[in-house]
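Q: The structure under discussion is supplied below as structure tokens; questions concerning it will follow.
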Amino acid sequence: MPRKTNPATIMKKNLITFLSLFFAAMAFGAAVDPVVGEWHWFDKRTRIFRADGTCTDGKGVQEAVWKCTESAPGSPRRYMVVYGSGKFVDTLALNEGGAFLDGRNNFSAHVTARRVGGVAAAQPAAPVAPVPVQPAKPAQKADGQDAPGTEYMGMKLHPEWFPKRETKTGELTKDLARISREAVQGREKDHDIMPGKILWDLKWLMPVDDAAKALPGMERSQMSGAAVIITPNWPQRSLFARSYYGKFVEPHTQELFKEAVLISDIKQQLVAVELICNRPPEVKWEPKFNGSKEPYYDFVGMKQNASTRNIVYYQLVKYGGITCMHTLLFEGRWPIGKSLENVRWYVAPPLARKILEITESLSAPQPGK
């Protein structure tokens, strides 16, 4: 009898294929990246970074995809490594002349790797030119009209934007549902939820390249285009994140942030903004945080608390029609301790409504269960 294939396995393989093609396309035509080669991981595993954007184990079995996220002159090159279906993500910097990788994963755990063969085995560094992300073409009906459900309040989504029910994320589903309900509360009618400004002079659906130019305090941008957002319970294959670095002053609290993430749809239109600051000099609540929660504190990058010494504090704040989820990863018990990472995610009602559709569907009881 033919062997049955698990649908979840097929989904993971399709996602890996999609990410591989995406990252490989971004690297097409560029010089060989200096991270390419064999690496000895801190957990005694061997991983091989290949020029096509894939990462295999010592036996040649693919287990991840990678991309360069930053290659500014004078700064360490930085990389994102996505494993399997996206549950684990490493953010790494290339140091010691190309012989050492150092960073953290999305659970805040320390990750290191040393190149097999040392510096002599490293590829010569070459700048990675910015590569524009080509938006996916939406499916069309026979009459030429867009397939239903791919556009909402001007936001363009992939035809297969709704994730599969097999995705089980527990606390993440609850957190996203809470944030989304707050964002759409009192705005039940579609014509009432079209937002204006998201933050500063960044407007809903403005071209993301124009939004980047309008960022106040930007010093440099990531150098390899946008990364597809694969966080569960978000619209899938539809949203992209671009990181920019500098000194960004939050307009409502005057907090300082070092990274601004612009989130766009497949037409490269701005739909959300995130601010991030590692080791923030100051954290301000308005006037006090709502409480503590575990484990997620970054709902774009899916970062979560991985230490019993740390606490995630949060506050939901409304700025006009925009909801801000403010989270802080804190070592100790506020205010005695150390601020590790300060994050603000600005959510517009249309994006929140789509996330709410997903979370409510996934949390609904199943017939016969």
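Ligands are numbered from 1 in the order shown, residues from 1 within each chain, and chains are lettered A, B, ... in the order they appear in the structure tokens.
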Leaving out Gly320 (chain A) and any residue of its chain fewer than 3 positions from it, which residues lie within 12 Å of it when counting only C-alpha atoms, given as a PDB file with N, CA and C atoms, in the first residue's frame?

A:
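Dumped to result_13.pdb:
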ATOM      1  N   ALA A 183      -7.248  46.728  19.227  1.00  0.00           N
ATOM      2  CA  ALA A 183      -7.049  47.607  18.069  1.00  0.00           C
ATOM      3  C   ALA A 183      -8.342  47.864  17.299  1.00  0.00           C
ATOM      4  N   VAL A 184      -9.270  46.906  17.267  1.00  0.00           N
ATOM      5  CA  VAL A 184     -10.509  47.075  16.491  1.00  0.00           C
ATOM      6  C   VAL A 184     -11.697  47.436  17.378  1.00  0.00           C
ATOM      7  N   ARG A 187     -14.596  49.905  16.512  1.00  0.00           N
ATOM      8  CA  ARG A 187     -14.449  50.203  15.087  1.00  0.00           C
ATOM      9  C   ARG A 187     -14.970  49.010  14.288  1.00  0.00           C
ATOM     10  N   ILE A 193     -12.476  52.212  10.096  1.00  0.00           N
ATOM     11  CA  ILE A 193     -11.180  51.749  10.570  1.00  0.00           C
ATOM     12  C   ILE A 193     -10.022  52.110   9.640  1.00  0.00           C
ATOM     13  N   MET A 194     -10.264  52.898   8.594  1.00  0.00           N
ATOM     14  CA  MET A 194      -9.163  53.314   7.728  1.00  0.00           C
ATOM     15  C   MET A 194      -8.264  54.276   8.489  1.00  0.00           C
ATOM     16  N   PRO A 195      -7.046  53.862   8.798  1.00  0.00           N
ATOM     17  CA  PRO A 195      -6.161  54.717   9.598  1.00  0.00           C
ATOM     18  C   PRO A 195      -5.506  55.811   8.770  1.00  0.00           C
ATOM     19  N   GLY A 196      -4.929  56.789   9.458  1.00  0.00           N
ATOM     20  CA  GLY A 196      -4.142  57.828   8.804  1.00  0.00           C
ATOM     21  C   GLY A 196      -2.680  57.564   9.063  1.00  0.00           C
ATOM     22  N   LYS A 197      -2.101  58.329   9.994  1.00  0.00           N
ATOM     23  CA  LYS A 197      -0.697  58.126  10.344  1.00  0.00           C
ATOM     24  C   LYS A 197      -0.553  56.951  11.307  1.00  0.00           C
ATOM     25  N   ILE A 198       0.508  56.180  11.092  1.00  0.00           N
ATOM     26  CA  ILE A 198       0.831  55.087  12.011  1.00  0.00           C
ATOM     27  C   ILE A 198       1.774  55.594  13.101  1.00  0.00           C
ATOM     28  N   LEU A 199       2.812  56.317  12.686  1.00  0.00           N
ATOM     29  CA  LEU A 199       3.793  56.883  13.615  1.00  0.00           C
ATOM     30  C   LEU A 199       4.573  57.958  12.881  1.00  0.00           C
ATOM     31  N   HIS A 252       5.659  60.036  21.409  1.00  0.00           N
ATOM     32  CA  HIS A 252       4.736  60.187  22.526  1.00  0.00           C
ATOM     33  C   HIS A 252       5.438  60.176  23.879  1.00  0.00           C
ATOM     34  N   VAL A 317      -1.523  50.679  24.583  1.00  0.00           N
ATOM     35  CA  VAL A 317      -1.807  52.115  24.566  1.00  0.00           C
ATOM     36  C   VAL A 317      -2.459  52.473  23.237  1.00  0.00           C
ATOM     37  N   THR A 323      -3.107  51.266  17.756  1.00  0.00           N
ATOM     38  CA  THR A 323      -2.837  50.618  19.040  1.00  0.00           C
ATOM     39  C   THR A 323      -1.362  50.262  19.119  1.00  0.00           C
ATOM     40  N   CYS A 324      -0.743  50.572  20.246  1.00  0.00           N
ATOM     41  CA  CYS A 324       0.667  50.256  20.471  1.00  0.00           C
ATOM     42  C   CYS A 324       0.779  49.185  21.545  1.00  0.00           C
ATOM     43  N   TYR A 346       3.262  49.094  16.586  1.00  0.00           N
ATOM     44  CA  TYR A 346       2.145  49.977  16.273  1.00  0.00           C
ATOM     45  C   TYR A 346       1.250  49.285  15.253  1.00  0.00           C
ATOM     46  N   VAL A 347       0.014  48.975  15.686  1.00  0.00           N
ATOM     47  CA  VAL A 347      -0.892  48.137  14.894  1.00  0.00           C
ATOM     48  C   VAL A 347      -2.074  48.958  14.420  1.00  0.00           C
ATOM     49  N   ALA A 348      -2.305  48.964  13.117  1.00  0.00           N
ATOM     50  CA  ALA A 348      -3.470  49.630  12.536  1.00  0.00           C
ATOM     51  C   ALA A 348      -4.648  48.656  12.512  1.00  0.00           C
ATOM     52  N   PRO A 349      -5.884  49.144  12.621  1.00  0.00           N
ATOM     53  CA  PRO A 349      -7.055  48.267  12.686  1.00  0.00           C
ATOM     54  C   PRO A 349      -7.199  47.268  11.523  1.00  0.00           C
TER      55      PRO A 349
END

Q: Looking at only C-alpha atoms, which of A:Val32, A:Ala241, A:Ala109, A:Val82 is the one that sits closest to Asn305 (chain A)?

A: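 So, comparing all the options, the nearest one is A:Ala109.
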
Q: Report, in Å to a single decimal, how far apart CA of Trp161 (chain A) and CA of Arg237 (chain A) are.

A: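 Computing it gives 6.1 Å between the two atoms.
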
Q: So that I can check the surroundings of Ala352 (chain A), please list as JSON, numbers by chain every protein, DNA and RNA residue that reaches within 12 Å of it, counting only C-alpha atoms and ignoring chain neighbours fewer than 5 positions away.

A: {"A": [152, 153, 155, 175, 176, 177, 178, 179, 180, 181, 182, 183, 184, 185, 187, 188, 193, 194, 195, 233, 234, 235, 271, 272, 321, 322, 323, 324, 325, 345, 346, 347, 357, 358, 359, 360]}

Q: Between A:Val228, A:Asn278, A:Glu38, A:Leu215, which is the closest to Met80 (chain A) once you count only C-alpha atoms?

A: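 Among the listed residues, the smallest separation from Met80 (chain A) belongs to A:Val228.
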
Q: Could you tell me how far CA of Asp43 (chain A) lies from CA of Thr91 (chain A), in Å and to one decimal?

A: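 Separation between CA of Asp43 (chain A) and CA of Thr91 (chain A): 16.3 Å.
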